[in-house]
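Asker: File entry.cif follows (mmCIF, C-alpha atoms and all ligand atoms):
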```cif
data_protein
loop_
_atom_site.label_atom_id
_atom_site.label_comp_id
_atom_site.auth_asym_id
_atom_site.auth_seq_id
_atom_site.Cartn_x
_atom_site.Cartn_y
_atom_site.Cartn_z
CA MET A 1 -95.69 8.22 127.76
CA GLN A 2 -94.60 7.85 124.15
CA ASP A 3 -90.87 7.35 124.38
CA PHE A 4 -89.19 6.51 127.69
CA LEU A 5 -85.66 7.07 126.37
CA GLN A 6 -86.38 10.52 124.90
CA GLN A 7 -88.28 11.43 128.06
CA THR A 8 -85.30 10.41 130.19
CA LEU A 9 -82.77 12.19 127.99
CA SER A 10 -84.87 15.38 128.16
CA GLY A 11 -84.18 15.55 131.90
CA GLN A 12 -87.83 16.52 132.51
CA PRO A 13 -90.55 14.52 134.27
CA PRO A 14 -93.36 13.39 131.93
CA ALA A 15 -96.57 15.47 131.83
CA GLN A 16 -98.46 12.33 132.88
CA ARG A 17 -96.81 10.12 135.51
CA GLN A 18 -99.05 7.10 135.12
CA GLY A 19 -101.29 5.56 132.53
CA SER A 20 -102.79 2.35 131.23
CA ASN A 21 -103.84 0.50 128.10
CA ALA A 22 -105.67 -2.79 127.41
CA HIS A 23 -102.71 -4.90 128.59
CA LEU A 24 -101.02 -2.98 131.41
CA SER A 25 -100.72 0.00 133.67
CA TRP A 26 -97.49 1.98 133.96
CA GLN A 27 -96.05 4.33 136.52
CA TRP A 28 -93.12 6.73 136.23
CA HIS A 29 -91.33 6.77 139.59
CA ASP A 30 -88.35 9.01 138.94
CA GLU A 31 -85.93 9.89 136.17
CA GLY A 32 -85.19 6.63 134.27
CA ILE A 33 -87.38 4.47 136.53
CA LEU A 34 -90.63 3.06 135.15
CA SER A 35 -92.76 0.12 136.31
CA LEU A 36 -95.29 -1.75 134.19
CA THR A 37 -97.93 -4.03 135.70
CA PRO A 38 -99.82 -6.46 133.45
CA VAL A 39 -103.60 -6.68 133.64
CA GLN A 40 -103.31 -10.49 133.86
CA PRO A 41 -101.47 -11.61 137.02
CA ALA A 42 -97.89 -12.70 136.19
CA GLN A 43 -95.73 -15.46 137.65
CA GLN A 44 -92.52 -13.50 137.17
CA ALA A 45 -91.07 -10.13 138.22
CA LEU A 46 -88.32 -8.80 135.96
CA VAL A 47 -85.96 -5.86 136.39
CA LEU A 48 -84.52 -4.83 133.05
CA SER A 49 -81.82 -2.18 133.29
CA ALA A 50 -79.46 -0.47 130.84
CA GLY A 51 -77.45 2.74 130.79
CA ILE A 52 -75.78 2.07 134.13
CA HIS A 53 -72.78 3.30 132.14
CA GLY A 54 -73.63 6.33 130.02
CA ASN A 55 -71.47 5.44 127.00
CA GLU A 56 -73.01 1.95 126.58
CA THR A 57 -75.84 2.89 124.27
CA ALA A 58 -76.70 -0.21 122.18
CA PRO A 59 -78.65 -1.93 124.97
CA VAL A 60 -80.39 1.34 125.83
CA GLU A 61 -81.65 1.58 122.24
CA MET A 62 -82.65 -2.09 122.31
CA LEU A 63 -84.52 -1.76 125.59
CA ASN A 64 -86.43 1.24 124.29
CA LEU A 65 -87.39 -0.65 121.11
CA LEU A 66 -88.80 -3.47 123.25
CA LEU A 67 -90.61 -1.11 125.61
CA SER A 68 -92.32 1.16 123.08
CA PRO A 69 -94.87 -1.42 121.76
CA LEU A 70 -95.82 -2.18 125.37
CA LEU A 71 -96.46 1.49 126.13
CA ARG A 72 -98.49 1.82 122.91
CA GLY A 73 -100.62 -1.17 123.94
CA GLU A 74 -99.54 -3.16 120.87
CA LYS A 75 -98.05 -6.08 122.81
CA PRO A 76 -99.23 -7.94 125.90
CA LEU A 77 -96.99 -7.92 128.95
CA ALA A 78 -96.22 -11.33 130.48
CA VAL A 79 -94.18 -10.22 133.53
CA ARG A 80 -94.32 -7.58 136.23
CA LEU A 81 -91.65 -5.24 134.94
CA LEU A 82 -89.33 -2.57 136.29
CA VAL A 83 -87.38 -0.73 133.59
CA ILE A 84 -84.34 1.28 134.60
CA LEU A 85 -82.06 3.62 132.69
CA GLY A 86 -79.33 3.61 135.30
CA ASN A 87 -77.38 6.83 134.98
CA PRO A 88 -79.38 9.40 132.94
CA ALA A 89 -76.88 12.24 133.51
CA ALA A 90 -74.04 10.06 132.19
CA LEU A 91 -76.23 8.99 129.22
CA ARG A 92 -76.79 12.66 128.37
CA SER A 93 -73.05 13.34 128.42
CA GLY A 94 -72.11 10.07 126.64
CA LYS A 95 -69.62 9.21 129.40
CA ARG A 96 -69.24 6.00 131.43
CA TYR A 97 -69.96 8.03 134.56
CA GLN A 98 -69.92 11.60 135.81
CA GLN A 99 -67.75 11.33 138.92
CA TYR A 100 -67.62 7.69 140.00
CA ASP A 101 -68.44 4.28 138.50
CA ILE A 102 -71.95 3.59 139.83
CA ASN A 103 -71.54 -0.14 139.19
CA ARG A 104 -69.09 -0.34 142.10
CA LEU A 105 -71.41 1.36 144.59
CA PHE A 106 -74.34 -1.00 145.12
CA GLY A 107 -75.00 -2.97 148.30
CA GLY A 108 -74.55 0.19 150.39
CA ARG A 109 -71.04 0.93 149.05
CA TRP A 110 -72.39 4.36 148.01
CA GLN A 111 -71.99 5.30 151.69
CA GLN A 112 -68.20 5.01 151.39
CA VAL A 113 -67.69 7.65 148.70
CA ALA A 114 -67.91 11.38 149.14
CA ASP A 115 -70.93 13.26 147.91
CA VAL A 116 -70.94 12.29 144.20
CA PRO A 117 -74.07 12.12 142.01
CA GLU A 118 -73.59 8.38 141.45
CA ALA A 119 -73.83 7.70 145.20
CA GLN A 120 -77.28 9.37 145.31
CA ARG A 121 -78.35 7.48 142.23
CA ALA A 122 -77.18 4.08 143.54
CA LEU A 123 -79.26 4.65 146.68
CA ARG A 124 -82.28 5.68 144.55
CA LEU A 125 -81.94 2.54 142.41
CA GLU A 126 -81.62 0.29 145.46
CA GLN A 127 -84.85 1.85 146.82
CA ALA A 128 -86.59 1.30 143.48
CA LEU A 129 -85.68 -2.41 143.50
CA GLU A 130 -86.62 -2.74 147.14
CA ASN A 131 -90.09 -1.29 146.46
CA PHE A 132 -90.56 -3.34 143.30
CA TRP A 133 -89.71 -6.63 144.95
CA ARG A 134 -91.55 -5.82 148.15
CA ALA A 135 -94.73 -6.01 146.06
CA CYS A 136 -93.85 -9.56 144.94
CA ARG A 137 -96.50 -12.25 145.21
CA GLU A 138 -95.45 -15.39 147.00
CA ARG A 139 -93.35 -17.70 144.79
CA GLU A 140 -93.04 -15.02 142.10
CA ILE A 141 -89.87 -15.66 140.08
CA ARG A 142 -87.35 -12.78 140.33
CA TRP A 143 -84.93 -12.03 137.52
CA HIS A 144 -82.70 -9.00 136.91
CA LEU A 145 -80.97 -8.51 133.55
CA ASP A 146 -78.57 -5.55 133.45
CA LEU A 147 -77.55 -4.70 129.88
CA HIS A 148 -74.07 -3.33 129.15
CA THR A 149 -71.47 -3.17 126.39
CA ALA A 150 -67.74 -3.73 126.83
CA ILE A 151 -65.15 -0.96 126.35
CA ARG A 152 -62.90 -3.26 124.27
CA GLY A 153 -63.56 -5.75 121.52
CA SER A 154 -63.94 -9.37 122.64
CA TYR A 155 -63.32 -12.86 121.37
CA HIS A 156 -66.91 -13.43 122.55
CA THR A 157 -69.10 -10.58 121.23
CA ARG A 158 -72.03 -11.41 123.55
CA PHE A 159 -71.52 -12.78 127.01
CA GLY A 160 -73.02 -12.78 130.49
CA VAL A 161 -71.36 -12.04 133.85
CA LEU A 162 -73.08 -13.65 136.83
CA PRO A 163 -72.58 -12.48 140.43
CA LEU A 164 -71.49 -14.68 143.29
CA ASN A 165 -74.53 -16.74 144.25
CA THR A 166 -74.68 -18.91 147.34
CA ARG A 167 -77.72 -20.70 145.89
CA PRO A 168 -77.69 -22.86 142.76
CA TRP A 169 -78.57 -21.01 139.55
CA PRO A 170 -82.12 -21.79 138.34
CA ALA A 171 -81.98 -24.05 135.27
CA ALA A 172 -84.62 -21.89 133.51
CA PHE A 173 -82.42 -18.80 133.93
CA LEU A 174 -79.33 -20.46 132.44
CA HIS A 175 -81.51 -21.85 129.66
CA TRP A 176 -82.77 -18.34 128.85
CA LEU A 177 -79.19 -16.99 128.74
CA ALA A 178 -78.25 -19.73 126.28
CA ALA A 179 -81.36 -19.05 124.18
CA ALA A 180 -80.31 -15.37 124.09
CA LYS A 181 -77.29 -16.61 122.12
CA LEU A 182 -74.70 -15.56 124.64
CA GLU A 183 -71.40 -17.16 123.67
CA ALA A 184 -69.97 -17.29 127.18
CA LEU A 185 -70.97 -16.99 130.83
CA VAL A 186 -68.51 -15.70 133.43
CA PHE A 187 -69.17 -16.60 137.08
CA HIS A 188 -67.88 -14.30 139.81
CA ARG A 189 -66.63 -16.08 142.93
CA ALA A 190 -66.38 -13.05 145.22
CA PRO A 191 -68.91 -10.40 146.25
CA GLY A 192 -68.92 -7.05 144.45
CA GLY A 193 -70.63 -3.68 144.18
CA THR A 194 -72.41 -4.26 140.86
CA PHE A 195 -76.16 -3.84 140.33
CA THR A 196 -76.55 -7.57 139.63
CA HIS A 197 -74.65 -8.51 142.80
CA TYR A 198 -77.06 -6.31 144.73
CA SER A 199 -80.17 -8.00 143.27
CA CYS A 200 -78.81 -11.47 143.82
CA GLU A 201 -77.41 -10.93 147.32
CA HIS A 202 -80.12 -8.69 148.78
CA HIS A 203 -83.23 -9.78 146.89
CA ASP A 204 -82.58 -13.43 145.95
CA ALA A 205 -83.00 -12.59 142.28
CA ALA A 206 -81.38 -14.58 139.50
CA SER A 207 -79.33 -11.83 137.90
CA CYS A 208 -76.85 -11.38 135.09
CA THR A 209 -74.90 -8.53 133.50
CA LEU A 210 -75.31 -8.99 129.73
CA GLU A 211 -72.39 -7.64 127.70
CA LEU A 212 -73.55 -6.87 124.16
CA GLY A 213 -70.74 -5.76 121.85
CA LYS A 214 -68.55 -2.69 122.13
CA ALA A 215 -69.47 0.77 123.47
CA LEU A 216 -70.45 3.26 120.71
CA PRO A 217 -72.40 6.56 120.72
CA PHE A 218 -76.20 6.66 120.16
CA GLY A 219 -77.14 6.06 116.53
CA ARG A 220 -73.90 4.20 115.67
CA ASN A 221 -74.92 0.77 116.94
CA ASP A 222 -75.58 -2.28 114.78
CA LEU A 223 -78.31 -3.95 116.81
CA SER A 224 -78.45 -6.91 114.39
CA GLN A 225 -75.44 -8.36 116.25
CA PHE A 226 -77.70 -8.80 119.28
CA HIS A 227 -80.76 -10.15 117.50
CA GLY A 228 -80.67 -13.32 119.64
CA ALA A 229 -80.72 -11.34 122.88
CA GLN A 230 -83.45 -9.03 121.56
CA GLN A 231 -85.60 -12.01 120.52
CA ALA A 232 -85.13 -13.70 123.89
CA LEU A 233 -86.07 -10.49 125.71
CA ALA A 234 -89.14 -10.13 123.50
CA ALA A 235 -90.15 -13.71 124.35
CA LEU A 236 -89.81 -12.98 128.06
CA LEU A 237 -91.67 -9.66 127.96
CA TYR A 238 -94.47 -10.52 125.57
CA GLY A 239 -94.89 -14.19 126.59
CA GLU A 240 -93.79 -15.46 123.19
CA THR A 241 -92.01 -18.75 122.50
CA LEU A 242 -88.30 -18.73 123.29
CA SER A 243 -86.03 -19.78 120.41
CA ALA A 244 -84.31 -23.16 120.73
CA VAL A 245 -80.81 -23.20 122.20
CA GLN A 246 -78.31 -23.72 119.39
CA ALA A 247 -75.10 -23.86 121.40
CA ARG A 248 -74.32 -24.02 125.12
CA PRO A 249 -72.30 -20.93 126.16
CA ARG A 250 -68.75 -21.56 127.33
CA HIS A 251 -68.40 -21.26 131.10
CA TYR A 252 -65.61 -19.35 132.85
CA HIS A 253 -65.07 -18.37 136.45
CA VAL A 254 -63.02 -15.54 137.94
CA THR A 255 -59.74 -16.68 139.51
CA GLN A 256 -58.18 -13.35 140.37
CA GLN A 257 -58.87 -9.64 140.28
CA ILE A 258 -56.23 -7.10 139.29
CA THR A 259 -56.72 -3.92 141.35
CA ARG A 260 -55.20 -0.52 140.65
CA HIS A 261 -54.31 1.38 143.80
CA GLY A 262 -52.60 4.48 142.43
CA GLU A 263 -50.23 6.21 140.01
CA GLU A 264 -47.57 3.47 140.02
CA PHE A 265 -49.91 0.87 138.56
CA VAL A 266 -48.74 -0.63 135.24
CA LEU A 267 -50.84 -3.05 133.19
CA HIS A 268 -48.73 -5.18 130.84
CA MET A 269 -51.36 -5.27 128.10
CA GLY A 270 -51.78 -2.88 125.21
CA PRO A 271 -54.97 -1.19 124.05
CA GLU A 272 -55.29 -3.88 121.35
CA THR A 273 -55.71 -6.72 123.88
CA LEU A 274 -59.20 -8.18 123.46
CA ASN A 275 -61.42 -9.53 126.22
CA PHE A 276 -60.89 -13.31 126.61
CA THR A 277 -57.28 -13.15 125.37
CA ALA A 278 -55.47 -16.19 126.82
CA PHE A 279 -52.17 -15.96 128.73
CA PRO A 280 -49.93 -18.89 129.81
CA GLN A 281 -48.93 -19.62 133.41
CA GLY A 282 -46.23 -17.31 134.75
CA THR A 283 -47.04 -14.30 132.52
CA LEU A 284 -46.58 -10.98 134.37
CA LEU A 285 -49.91 -9.22 133.91
CA ALA A 286 -49.57 -6.07 136.00
CA GLU A 287 -47.46 -4.53 138.74
CA GLU A 288 -47.63 -1.74 141.26
CA GLY A 289 -44.75 -1.17 143.69
CA GLU A 290 -43.96 -4.51 145.32
CA THR A 291 -47.19 -6.12 144.09
CA ARG A 292 -47.03 -8.28 140.97
CA TYR A 293 -49.92 -10.10 139.28
CA TYR A 294 -48.97 -13.31 137.44
CA VAL A 295 -51.01 -15.91 135.61
CA GLN A 296 -51.37 -18.65 138.21
CA GLN A 297 -53.25 -21.42 136.38
CA ALA A 298 -52.06 -23.23 133.24
CA ARG A 299 -54.03 -20.75 131.13
CA GLU A 300 -56.02 -17.70 132.16
CA TYR A 301 -58.14 -15.31 130.09
CA VAL A 302 -58.33 -11.58 130.71
CA LEU A 303 -61.62 -9.70 131.01
CA PHE A 304 -62.19 -5.92 131.19
CA PRO A 305 -58.51 -4.87 131.33
CA ASN A 306 -58.52 -1.16 132.11
CA PRO A 307 -55.48 0.66 133.58
CA GLN A 308 -57.44 3.93 133.85
CA VAL A 309 -59.85 2.97 136.63
CA ALA A 310 -60.03 5.07 139.81
CA PRO A 311 -57.73 4.00 142.69
CA GLY A 312 -59.04 0.99 144.57
CA LEU A 313 -61.12 -0.32 141.65
CA ARG A 314 -60.68 -3.39 139.50
CA ALA A 315 -58.37 -2.99 136.53
CA GLY A 316 -59.09 -6.45 135.14
CA LEU A 317 -60.34 -9.92 135.91
CA MET A 318 -58.55 -13.18 135.18
CA LEU A 319 -60.67 -16.18 134.22
CA VAL A 320 -60.35 -19.92 133.92
CA GLU A 321 -62.54 -21.90 131.56
CA GLU A 322 -64.61 -24.63 133.22
CA THR A 323 -64.90 -28.10 131.78
CA ALA A 324 -68.44 -29.48 131.37
CA GLN A 325 -67.93 -31.63 134.52
CA GLN A 326 -66.78 -28.68 136.66
CA GLY A 327 -69.82 -26.57 135.64
CA SER A 328 -71.25 -24.01 138.07
CA ARG A 329 -74.03 -25.27 140.31
CA VAL A 330 -77.40 -25.42 138.64
CA ALA A 331 -80.66 -26.09 140.43
CA SER A 332 -82.87 -28.97 139.40
CA PRO A 333 -86.14 -27.68 137.86
CA ALA A 334 -87.91 -28.24 141.22
CA GLU A 335 -85.32 -26.33 143.30
O1 LIG A 401 -65.39 -3.24 129.22
C1 LIG A 401 -65.22 -2.91 130.37
O2 LIG A 401 -64.07 -2.70 130.84
C2 LIG A 401 -66.39 -2.75 131.32
C3 LIG A 401 -67.75 -3.17 130.77
C4 LIG A 401 -68.71 -3.16 131.93
O3 LIG A 401 -69.22 -2.12 132.26
N1 LIG A 401 -68.83 -4.29 132.62
C5 LIG A 401 -69.49 -4.36 133.88
C6 LIG A 401 -69.45 -5.77 134.41
C7 LIG A 401 -70.16 -5.91 135.71
C8 LIG A 401 -70.03 -7.30 136.34
O4 LIG A 401 -68.93 -7.65 136.78
O5 LIG A 401 -71.06 -7.98 136.40
C9 LIG A 401 -68.77 -3.42 134.85
O6 LIG A 401 -67.53 -3.31 134.75
O7 LIG A 401 -69.43 -2.80 135.67
ZN ZN A 402 -71.03 -1.23 131.62
#
```
Translate the structure of the given file into structure tokens.
Ligand SMILES: O=C(O)CCC(=O)N[C@@H](CCC(=O)O)C(=O)O
Ligand SMILES: [Zn+2]

Answerer:
Amino acid sequence: MQDFLQQTLSGQPPAQRQGSNAHLSWQWHDEGILSLTPVQPAQQALVLSAGIHGNETAPVEMLNLLLSPLLRGEKPLAVRLLVILGNPAALRSGKRYQQYDINRLFGGRWQQVADVPEAQRALRLEQALENFWRACREREIRWHLDLHTAIRGSYHTRFGVLPLNTRPWPAAFLHWLAAAKLEALVFHRAPGGTFTHYSCEHHDAASCTLELGKALPFGRNDLSQFHGAQQALAALLYGETLSAVQARPRHYHVTQQITRHGEEFVLHMGPETLNFTAFPQGTLLAEEGETRYYVQQAREYVLFPNPQVAPGLRAGLMLVEETAQQGSRVASPAE
């Protein structure tokens, strides 16, 4: 296969469904699902996904740039790799989703929505991860990096969102996220239906949603803003040296979720409000009927405010910044 992105956008299966070169063998499993196995046994299994939302194109372009030299046999592969373009139909139409946000449907939540294409696709992606990780060697390290872009501009252009994890985060994983030049890490404290929650909860993977800039159509992205992330991904994939960490990302955790239930929902933030905008205690953030959302802590920061989400879905998250002492639990290197 020459170009996985073009192949996926074409909507056609490739003429050849598997192949190999001096460094690896590859197998096309389904639309937007490709595994690559290195000739040399690897210590790590990595799922690298993008295009879960069809309008978030910068990471899709980046992923394809990293993948192409592997498929051409120009770079060695240092990990067992599963590459996923999450929602090909939405990528073709340039929309976040066709009928329902797929990133709310993982962990079996696809069973709760009517027959929408995203429900089928969430099931297919869960099966792909299941099969990929079933083939894991004992003690193989499992990581899942799901690449997105935010709808709005942000005070932090590059940041990571980590799912609820009942185990401590591996130090090497947090180190990699810092080396990828993420400015902030946001820790969820409740379960959710995202792809990264699914990997972490059901497959014990260290997983993170990487948010790289603002959503723009194909061809309009300035990938130089994400050079740090691209370099860190290249280091991981090709077994190259990881750049030194220049700054520790700021750490936040989620304190409350704003949920839209229906037509009465009002979000008291304009379209100009950036991600990580701070609000003082007592600020009325949103209301719907009798329900009112206020800032509860001395200062909270908003993330992903969106009054247009479907009923029952999150219309924003409120965050608190952690002090260095409070930091989220990290495993010792031996853990
Ligand atoms: O900018 C926005 O409003 C959404 C950007 C985006 O798609 N973010 C992910 C975050 C997933 C997570 O919580 O890990 C999403 O909303 O699905
Ligand atoms: Zn997204």

Asker: List all protein, DNA and RNA residues that have at least one atom no more than 7 Å from any atom of ligand ZN 402 (chain A), counting all atoms listed in the file, and write them as an MDAnalysis selection string.

Answerer: chainID A and resid 52:53 56 148:150

Asker: What is the CA of Arg167 in chain A-CA of Glu126 in chain A distance in Å, reported with one decimal?

Answerer: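 Separation of CA of Arg167 in chain A and CA of Glu126 in chain A: 21.4 Å.
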
Asker: Under the rule of at most 10 Å, produce a per-residue listing of chain A near ligand LIG 401 (chain A): chain, number, name, the closest pair of atoms, and the distance in Å, as a Markdown table, using all atoms listed in the file.

Answerer:
```
| residue | atom | partner | partner_atom | distance |
| --- | --- | --- | --- | --- |
| A:Gly51 | CA | A:LIG401 | O3 | 9.7 |
| A:Ile52 | CA | A:LIG401 | O3 | 8.0 |
| A:His53 | CA | A:LIG401 | O3 | 6.5 |
| A:Gly54 | CA | A:LIG401 | O3 | 9.8 |
| A:Asn55 | CA | A:LIG401 | O3 | 9.5 |
| A:Glu56 | CA | A:LIG401 | O3 | 7.9 |
| A:Arg96 | CA | A:LIG401 | O3 | 8.2 |
| A:Asp101 | CA | A:LIG401 | O7 | 7.7 |
| A:Ile102 | CA | A:LIG401 | O7 | 8.0 |
| A:Asn103 | CA | A:LIG401 | O7 | 4.9 |
| A:Arg104 | CA | A:LIG401 | O7 | 6.9 |
| A:Asp146 | CA | A:LIG401 | O5 | 8.4 |
| A:Leu147 | CA | A:LIG401 | C5 | 9.0 |
| A:His148 | CA | A:LIG401 | O3 | 5.9 |
| A:Thr149 | CA | A:LIG401 | C3 | 5.7 |
| A:Ala150 | CA | A:LIG401 | O1 | 3.4 |
| A:Ile151 | CA | A:LIG401 | O1 | 3.7 |
| A:Arg152 | CA | A:LIG401 | O1 | 5.5 |
| A:Gly153 | CA | A:LIG401 | O1 | 8.3 |
| A:Ser154 | CA | A:LIG401 | O1 | 9.1 |
| A:Gly160 | CA | A:LIG401 | O5 | 7.9 |
| A:Val161 | CA | A:LIG401 | O5 | 4.8 |
| A:Leu162 | CA | A:LIG401 | O5 | 6.0 |
| A:Pro163 | CA | A:LIG401 | O5 | 6.2 |
| A:Leu164 | CA | A:LIG401 | O5 | 9.6 |
| A:Val186 | CA | A:LIG401 | O5 | 8.7 |
| A:Phe187 | CA | A:LIG401 | O5 | 8.9 |
| A:His188 | CA | A:LIG401 | O4 | 7.4 |
| A:Pro191 | CA | A:LIG401 | O4 | 9.9 |
| A:Gly192 | CA | A:LIG401 | O4 | 7.7 |
| A:Gly193 | CA | A:LIG401 | O4 | 8.6 |
| A:Thr194 | CA | A:LIG401 | C7 | 5.9 |
| A:Phe195 | CA | A:LIG401 | O5 | 7.7 |
| A:Thr196 | CA | A:LIG401 | O5 | 6.4 |
| A:His197 | CA | A:LIG401 | O5 | 7.4 |
| A:Ser207 | CA | A:LIG401 | O5 | 9.2 |
| A:Cys208 | CA | A:LIG401 | O5 | 6.8 |
| A:Thr209 | CA | A:LIG401 | O5 | 4.8 |
| A:Leu210 | CA | A:LIG401 | O5 | 8.0 |
| A:Glu211 | CA | A:LIG401 | N1 | 6.9 |
| A:Leu212 | CA | A:LIG401 | C3 | 9.5 |
| A:Gly213 | CA | A:LIG401 | O1 | 9.4 |
| A:Lys214 | CA | A:LIG401 | O1 | 7.8 |
| A:Ala215 | CA | A:LIG401 | O1 | 8.1 |
| A:Val254 | CA | A:LIG401 | O4 | 9.9 |
| A:Leu274 | CA | A:LIG401 | O1 | 9.8 |
| A:Asn275 | CA | A:LIG401 | O1 | 8.0 |
| A:Leu303 | CA | A:LIG401 | O2 | 7.4 |
| A:Phe304 | CA | A:LIG401 | O2 | 3.7 |
| A:Pro305 | CA | A:LIG401 | O2 | 6.0 |
| A:Asn306 | CA | A:LIG401 | O2 | 5.9 |
| A:Pro307 | CA | A:LIG401 | O2 | 9.6 |
| A:Gln308 | CA | A:LIG401 | O2 | 9.8 |
| A:Val309 | CA | A:LIG401 | O2 | 9.1 |
| A:Leu313 | CA | A:LIG401 | O6 | 9.9 |
| A:Arg314 | CA | A:LIG401 | O6 | 8.3 |
| A:Ala315 | CA | A:LIG401 | O2 | 8.1 |
| A:Gly316 | CA | A:LIG401 | O2 | 7.6 |
| A:Leu317 | CA | A:LIG401 | O4 | 8.9 |
```

Asker: List as a PyMOL selection string the protein and nucleic acid residues near Gln43 in chain A, meaning an atom at most 10 Å away when all atoms listed in the file are counted, but skip any in the same chain fewer than 2 places from it.

Answerer: chain A and resi 40-41+45+78-80+136-142

Asker: Would you give me, as CSV, each residue of range 187-258 of chain A having an atom within 10 Å of an atom of range 280-298 of chain A, along with its shortest atom pair and that distance in Å to one decimal, using only C-alpha atoms and sorting by chain and residue number?

Answerer:
```
residue,atom,partner,partner_atom,distance
A:Thr255,CA,A:Gln297,CA,8.6
A:Gln256,CA,A:Gln296,CA,8.9
A:Gln257,CA,A:Tyr293,CA,9.0
A:Ile258,CA,A:Tyr293,CA,7.0
```

Asker: Which residue gives the smallest distance to Leu145 in chain A among A:Ser243, A:Asn221, A:Asn21, A:Ser199, with only C-alpha atoms counted?

Answerer: A:Ser199

Asker: Measuring atom to atom with all atoms listed in the file, identify which of A:Ala190, A:Leu70, A:Ala128, A:Ala205 is nearest to Trp169 in chain A.

Answerer: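 Answer, going by the shortest atom-to-atom distance: A:Ala205.
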